[in-house]
Each structure stands twice: as C-alpha cells, then as structure tokens.
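**Student:** One structure, as structure tokens, below. Some questions next.
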Amino acid sequence: MNRSVRVITSSSIRWNLAKKCWGLDLNSQLSRTSLFFARPFSNIGSINEGTGGPYQRNRSIIMNPDGTGSHILPGGFVNRDGRRVVLEKAYGYFWMLKDLEKTTNKPIVSHQSLIPLDHAQRFPPLTGVKAINGEQVSIPEYFMRHTNKNESAEACTLVTISFKDFGFKMLPSWIDPFKEAFFSNKTESNETNLLPPSPSNSRIQMYSLNIIEGGLIYKLLSPIITRQFKANTPEQDHDSTLMYFGEHVDFRDSLRMHNTLTGYVLLLDGLGRVRWMGSGNATDEEIKSLIECTKELTQTDTKRRKVVPRGKQAVHRNLKQNKARS
C-alpha cells in the first residue's frame, strides 16, 4: 500500500475513534490534526471566547473554581505548559465523575442576584428540538411564544437542562419549590400566588430540555425514548417537555455546560436573555435566590399601575374639587 494512503487511512481511523469516544462534532471549527497534536496556547485565544456569533461563551456564568470546567478552553482543550491538549487526554476519560466529586455536583455556581442587563446574553439558538407532543420547535423563540410583546419586560422562563438520568433526577429539587411558589393556588399574606398552573400563562413559564447525546444509535431509538418520556409526563406538560437528539458542542460550550452528568437551571427574561443560572441539587439559599430573582423579573411597577391615565386624571381631579365645594 502506498505510504500516503496508509497515512490518510490511519488518520481517518483515529478521527472516527475520537469522534465516537469523545463526541466530537464534525462541524467544529477545529481542524482534525489539532485533535492529535498539541498547538501553541497563543493560537487559542481567551478562555471566555467561543466560536463567535450566537455561540459566544456567556461570560456572566460563574464557574466553580474547584472544578475542571473553569480551565476548559473553547473546543474542549486545556492549557498544559503553554500548549493546548485535548481535555480527555489531560484529565482522563472519566474526568466528569471526578469533577462532580470536587464540586459537589455543582460545576456552575448559582448567581445570588440577577445578571445585569448590560451583561446579559441571549440564550443560544438550538434547532431540531421536538416537544413530546410532536411539535417541531426552535429555541429560544419557542420559550417566548406566549409572551405578549407589551409585557416582555415583565415575563420570565425557567429552563431546566439535563443530558443524563443522573442530572435529570436533580432537577425536581429546583422545579418543585418553584412550582409551589408560583403555580399553586395557596395564599400568602392574604394574597394569592402570582399564577395559576396554566401552560399558556404569559408571565412565568417552565420548560424542560432533555438533550440525548450518543450518535446515530440514539437517533434511531428517539421514537422509543420520546414515547417513554411522554408516558411519564403529565399531559399538561407535553408541550413544555422538549427533546433534542444529537451533539451540539458549541451550544454546550456557550452555556459552559461542559459536564453532562449534572443538571442545569436557567432563568430567562422576556427577551430570552440569561439572567440567572445554577447547577446540581438545589440548596435552600439557591431556591430563595431563584424565587426572589423571578419576582424581580415579573414584578410590575405598582406605583405606575396606580397612576390614573392622563385622560382620566382631570375627571378625578374635578370630582374631588366638586366634593370639596359641596
């Protein structure tokens, strides 16, 4: 066999093995050779840079300083003595398990308050998503389909994201207290909670995004997996339970979801901007922060609401004057 043919064949085999084992995206902007040979670190750029465009890394997300994720460069590389090395080669294939142990399942640290508007970035786009009711959707547009344009400044969406069953089981620790706070009919301080449990409510909504990675085999099994999700999900939540089959490295990287074993929670405003994010199992302090941030996003200016429209102000003023005269 010609030597050049042997080299090309060997390179192709290594590429296919890497793609299968590491879940690499063929559409990645990285060259194939960069997977097997270290490159100077100066060619990578800042750790906060992403692929650009809608998948720019969200710089407001707080990475756990004890975790591996804080050292991951765009494209799945880490810095080793001034050179970029493939993540799995540097930390081992089971680095995610070690990462969860070091961060207590929290590779991303929850915000204590809302991300300021001037720092908030839009939720990255993802197409090919399918609700378990059969509807094909694109996000984040689908999150805002019930939001009135005039009330977009007073709306928010809670989005939970999981990749594996281990992370999926963490999400109820966030979802249950959130539902109790905003979707129950209980009263608090003689005032009813903000919203009834209605999927078409335009102010506060909830969505669950389940990303199933693993290549062609899971795409072939997608109808079976979707049916299983549908059977275990209440009917009223079918349009808000979303499935995505495939790998989207840029999407995960933009939200710094490097570790796919845990669960993630995001709070978006009415324009689809990420205003809060957390991971892992919820603590009491994190739930309190999430609820306060949600109220801050959805609260209306009560003083402004009490102001009488200009056309009626004169009428009220005249009525008061008439009562005073009488």
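In the structure tokens, chains take the letters A, B, ... in the order shown, each chain's residues start at 1, and ligands count up from 1 in the order shown.
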Show which residues sit within 9 Å of region 115-117 of chain A, as an mmCIF file with C-alpha atoms, in the first residue's frame. Count only C-alpha atoms, and ignore same-chain residues fewer than 3 positions away.
**Tutor:**
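Saved to around.cif:
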data_model
loop_
_atom_site.group_PDB
_atom_site.id
_atom_site.type_symbol
_atom_site.label_atom_id
_atom_site.label_comp_id
_atom_site.auth_asym_id
_atom_site.auth_seq_id
_atom_site.Cartn_x
_atom_site.Cartn_y
_atom_site.Cartn_z
ATOM 1 C CA SER A 60 -21.695 36.049 33.197
ATOM 2 C CA ILE A 61 -21.820 32.367 34.121
ATOM 3 C CA HIS A 111 -25.969 33.611 40.972
ATOM 4 C CA ALA A 120 -26.925 39.536 29.982
ATOM 5 C CA GLN A 121 -26.517 37.421 26.841
ATOM 6 C CA ARG A 273 -31.619 36.644 27.836
ATOM 7 C CA VAL A 274 -29.966 34.503 30.535
ATOM 8 C CA ARG A 275 -30.414 36.377 33.835
ATOM 9 C CA TRP A 276 -29.617 33.588 36.323
#
**Student:** Can you tell me, as a PyMOL selection string, which residues in region 87-162 of chain A count as strand (DSSP E) by DSSP?
**Tutor:** chain A and resi 108-109+126-131+136-139+156-162
**Student:** Hey, can you spit out that residue selection with all heavy atoms as a short mmCIF file (atom, residue, chain, number, x, y, z; two decimals), in the first residue's frame?
**Tutor:**
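This is the output file again.cif:
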data_model
loop_
_atom_site.label_atom_id
_atom_site.label_comp_id
_atom_site.auth_asym_id
_atom_site.auth_seq_id
_atom_site.Cartn_x
_atom_site.Cartn_y
_atom_site.Cartn_z
N ILE A 108 -21.19 24.70 38.02
CA ILE A 108 -21.55 26.11 37.86
C ILE A 108 -22.14 26.61 39.17
O ILE A 108 -23.03 25.98 39.74
CB ILE A 108 -22.55 26.31 36.70
CG1 ILE A 108 -21.85 26.07 35.36
CG2 ILE A 108 -23.17 27.70 36.73
CD1 ILE A 108 -22.75 26.21 34.16
N VAL A 109 -21.63 27.74 39.65
CA VAL A 109 -22.09 28.32 40.91
C VAL A 109 -23.29 29.22 40.62
O VAL A 109 -23.28 30.03 39.69
CB VAL A 109 -20.97 29.15 41.57
CG1 VAL A 109 -21.45 29.77 42.86
CG2 VAL A 109 -19.75 28.26 41.82
N LEU A 126 -31.03 26.79 19.23
CA LEU A 126 -30.95 25.35 19.02
C LEU A 126 -32.15 24.94 18.17
O LEU A 126 -33.31 25.13 18.57
CB LEU A 126 -30.96 24.60 20.35
CG LEU A 126 -30.67 23.09 20.30
CD1 LEU A 126 -29.26 22.84 19.76
CD2 LEU A 126 -30.84 22.46 21.67
N THR A 127 -31.88 24.40 17.00
CA THR A 127 -32.94 23.94 16.11
C THR A 127 -33.00 22.42 16.13
O THR A 127 -32.10 21.75 16.65
CB THR A 127 -32.69 24.42 14.67
OG1 THR A 127 -31.41 23.95 14.23
CG2 THR A 127 -32.68 25.95 14.61
N GLY A 128 -34.07 21.87 15.56
CA GLY A 128 -34.22 20.43 15.56
C GLY A 128 -34.73 19.89 16.88
O GLY A 128 -34.64 18.68 17.14
N VAL A 129 -35.26 20.78 17.73
CA VAL A 129 -35.82 20.37 19.01
C VAL A 129 -37.27 19.94 18.79
O VAL A 129 -37.98 20.51 17.96
CB VAL A 129 -35.75 21.53 20.02
CG1 VAL A 129 -36.33 21.11 21.38
CG2 VAL A 129 -34.32 22.02 20.17
N LYS A 130 -37.70 18.96 19.55
CA LYS A 130 -39.06 18.45 19.38
C LYS A 130 -39.74 18.29 20.74
O LYS A 130 -39.17 17.70 21.66
CB LYS A 130 -39.03 17.09 18.66
CG LYS A 130 -40.38 16.64 18.11
CD LYS A 130 -40.21 15.41 17.24
CE LYS A 130 -41.53 15.02 16.58
NZ LYS A 130 -41.36 13.83 15.70
N ALA A 131 -40.92 18.88 20.86
CA ALA A 131 -41.72 18.68 22.07
C ALA A 131 -42.31 17.28 22.03
O ALA A 131 -42.53 16.72 20.95
CB ALA A 131 -42.83 19.73 22.16
N GLN A 136 -42.41 20.30 16.23
CA GLN A 136 -41.01 20.63 15.96
C GLN A 136 -40.80 22.11 16.28
O GLN A 136 -41.55 22.97 15.80
CB GLN A 136 -40.67 20.36 14.49
CG GLN A 136 -39.19 20.26 14.19
CD GLN A 136 -38.61 18.91 14.53
OE1 GLN A 136 -39.36 17.93 14.69
NE2 GLN A 136 -37.30 18.82 14.64
N VAL A 137 -39.79 22.42 17.09
CA VAL A 137 -39.64 23.80 17.57
C VAL A 137 -38.17 24.23 17.46
O VAL A 137 -37.27 23.41 17.27
CB VAL A 137 -40.11 23.95 19.03
CG1 VAL A 137 -41.54 23.48 19.18
CG2 VAL A 137 -39.19 23.18 19.98
N SER A 138 -37.98 25.53 17.59
CA SER A 138 -36.65 26.12 17.69
C SER A 138 -36.63 26.98 18.94
O SER A 138 -37.59 27.69 19.23
CB SER A 138 -36.33 26.98 16.46
OG SER A 138 -36.30 26.19 15.28
N ILE A 139 -35.54 26.91 19.66
CA ILE A 139 -35.42 27.70 20.88
C ILE A 139 -34.27 28.71 20.70
O ILE A 139 -33.36 28.47 19.93
CB ILE A 139 -35.17 26.82 22.12
CG1 ILE A 139 -33.95 25.91 21.92
CG2 ILE A 139 -36.40 25.98 22.41
CD1 ILE A 139 -33.60 25.06 23.13
N CYS A 156 -40.75 35.91 32.42
CA CYS A 156 -39.52 35.13 32.57
C CYS A 156 -39.83 33.65 32.33
O CYS A 156 -40.99 33.22 32.39
CB CYS A 156 -38.89 35.34 33.94
SG CYS A 156 -39.78 34.58 35.29
N THR A 157 -38.79 32.90 32.07
CA THR A 157 -38.92 31.47 31.77
C THR A 157 -37.86 30.70 32.53
O THR A 157 -36.67 31.04 32.47
CB THR A 157 -38.75 31.21 30.26
OG1 THR A 157 -39.71 31.98 29.53
CG2 THR A 157 -38.94 29.74 29.95
N LEU A 158 -38.29 29.66 33.24
CA LEU A 158 -37.36 28.75 33.90
C LEU A 158 -37.09 27.59 32.95
O LEU A 158 -38.01 26.91 32.51
CB LEU A 158 -37.94 28.23 35.21
CG LEU A 158 -37.01 27.31 36.01
CD1 LEU A 158 -35.90 28.12 36.66
CD2 LEU A 158 -37.78 26.52 37.06
N VAL A 159 -35.83 27.39 32.62
CA VAL A 159 -35.43 26.31 31.71
C VAL A 159 -34.52 25.35 32.45
O VAL A 159 -33.49 25.76 33.00
CB VAL A 159 -34.70 26.86 30.47
CG1 VAL A 159 -34.33 25.72 29.53
CG2 VAL A 159 -35.57 27.89 29.74
N THR A 160 -34.90 24.08 32.50
CA THR A 160 -34.04 23.05 33.09
C THR A 160 -33.45 22.22 31.96
O THR A 160 -34.14 21.90 30.99
CB THR A 160 -34.83 22.15 34.05
OG1 THR A 160 -35.88 21.48 33.34
CG2 THR A 160 -35.43 22.98 35.18
N ILE A 161 -32.17 21.88 32.09
CA ILE A 161 -31.47 21.14 31.04
C ILE A 161 -30.76 19.94 31.66
O ILE A 161 -30.07 20.07 32.68
CB ILE A 161 -30.44 22.02 30.32
CG1 ILE A 161 -31.13 23.25 29.71
CG2 ILE A 161 -29.73 21.23 29.21
CD1 ILE A 161 -30.16 24.21 29.03
N SER A 162 -30.93 18.78 31.06
CA SER A 162 -30.23 17.57 31.52
C SER A 162 -29.79 16.76 30.31
O SER A 162 -30.41 16.82 29.24
CB SER A 162 -31.13 16.73 32.42
OG SER A 162 -32.27 16.27 31.71
#
**Student:** Please provide the set of residues having any atom within 10 Å of Tyr264 (chain A), restricted to only C-alpha atoms, with same-chain residues fewer than 4 positions apart removed, written as a PyMOL selection string.
**Tutor:** chain A and resi 106-108+110+159-163+167-168+170-171+174+209+255+257+259-260+277-281
**Student:** Ranking A:Gly215, A:Gly270, A:Gly263, A:Pro234 by minimum distance to Arg203 (chain A) and counting only C-alpha atoms, which one comes first?
**Tutor:**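 Using only C-alpha atoms, the shortest distance to Arg203 (chain A) belongs to A:Gly270.
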**Student:** Have a look at A:Glu180, A:Asp250, A:Glu213, A:Glu135 and name the one nearest to Ile291 (chain A); count only C-alpha atoms.
**Tutor:**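 Of A:Glu180, A:Asp250, A:Glu213, A:Glu135, the one nearest Ile291 (chain A) is A:Glu180, counting only C-alpha atoms.
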**Student:** Please provide as a PDB file with C-alpha atoms, in the first residue's frame all residues within 10 Å of Arg256 (chain A), with the sequence filter that same-chain residues fewer than 5 positions apart are discarded (counting only C-alpha atoms).
**Tutor:**
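Everything below was put into selection-v8.pdb:
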ATOM      1  CA  ASN A  48     -14.048  33.389  27.547  1.00  0.00           C
ATOM      2  CA  ARG A  57     -19.384  31.985  25.610  1.00  0.00           C
ATOM      3  CA  ASN A  58     -21.606  33.517  28.253  1.00  0.00           C
ATOM      4  CA  ARG A  59     -19.181  35.489  30.406  1.00  0.00           C
ATOM      5  CA  ILE A  61     -21.820  32.367  34.121  1.00  0.00           C
ATOM      6  CA  ILE A  62     -19.877  31.661  37.321  1.00  0.00           C
ATOM      7  CA  MET A  63     -17.693  28.569  37.044  1.00  0.00           C
ATOM      8  CA  GLY A  69     -14.819  23.446  33.767  1.00  0.00           C
ATOM      9  CA  SER A  70     -13.106  26.671  34.783  1.00  0.00           C
ATOM     10  CA  ILE A  72     -11.671  24.266  29.706  1.00  0.00           C
ATOM     11  CA  PRO A  74     -13.265  26.582  23.598  1.00  0.00           C
ATOM     12  CA  PRO A 107     -19.678  22.813  38.227  1.00  0.00           C
ATOM     13  CA  ILE A 108     -21.547  26.112  37.858  1.00  0.00           C
ATOM     14  CA  ASP A 250     -20.999  24.920  20.518  1.00  0.00           C
ATOM     15  CA  PHE A 251     -24.365  25.086  22.300  1.00  0.00           C
TER      16      PHE A 251
END
**Student:** Between CA of Tyr55 (chain A) and CA of Leu268 (chain A), what distance in Å does the model show, to one decimal?
**Tutor:**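 Taking CA of Tyr55 (chain A) as the start and CA of Leu268 (chain A) as the end point, the length is 16.4 Å.
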**Student:** So what do you get for CA of Cys293 (chain A) versus CA of Leu242 (chain A), distance-wise?
**Tutor:**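 Those two atoms sit 24.2 Å apart.
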**Student:** Quick one: of A:Gln236, A:Thr68, A:Ser184, A:Asn105, who's nearest to Leu261 (chain A), counting only C-alpha atoms?
**Tutor:**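 Selected residue with least distance to Leu261 (chain A): A:Asn105.
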**Student:** Which residue out of A:Asp66, A:Gln56, A:Ile212, A:Ile217 has the minimum interatomic distance to Lys98 (chain A) when only C-alpha atoms are used?
**Tutor:**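 Once distances to Lys98 (chain A) are computed over only C-alpha atoms, the minimum belongs to A:Asp66.
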**Student:** Name the closest residue to Leu266 (chain A) among the candidates A:Asn79, A:Gln299, A:Thr294, A:Thr283; distances are taken between atoms, counting only C-alpha atoms.
**Tutor:** A:Thr294
**Student:** Quick one: residues within 9 Å of Pro54 (chain A), only C-alpha atoms counted, chain neighbours fewer than 4 positions away excluded, as a PyMOL selection string?
**Tutor:** chain A and resi 122-125+251+254
**Student:** Which value, in Å to one decimal, gives the distance between CA of Ala155 (chain A) and CA of Ile204 (chain A)?
**Tutor:** 5.8 Å
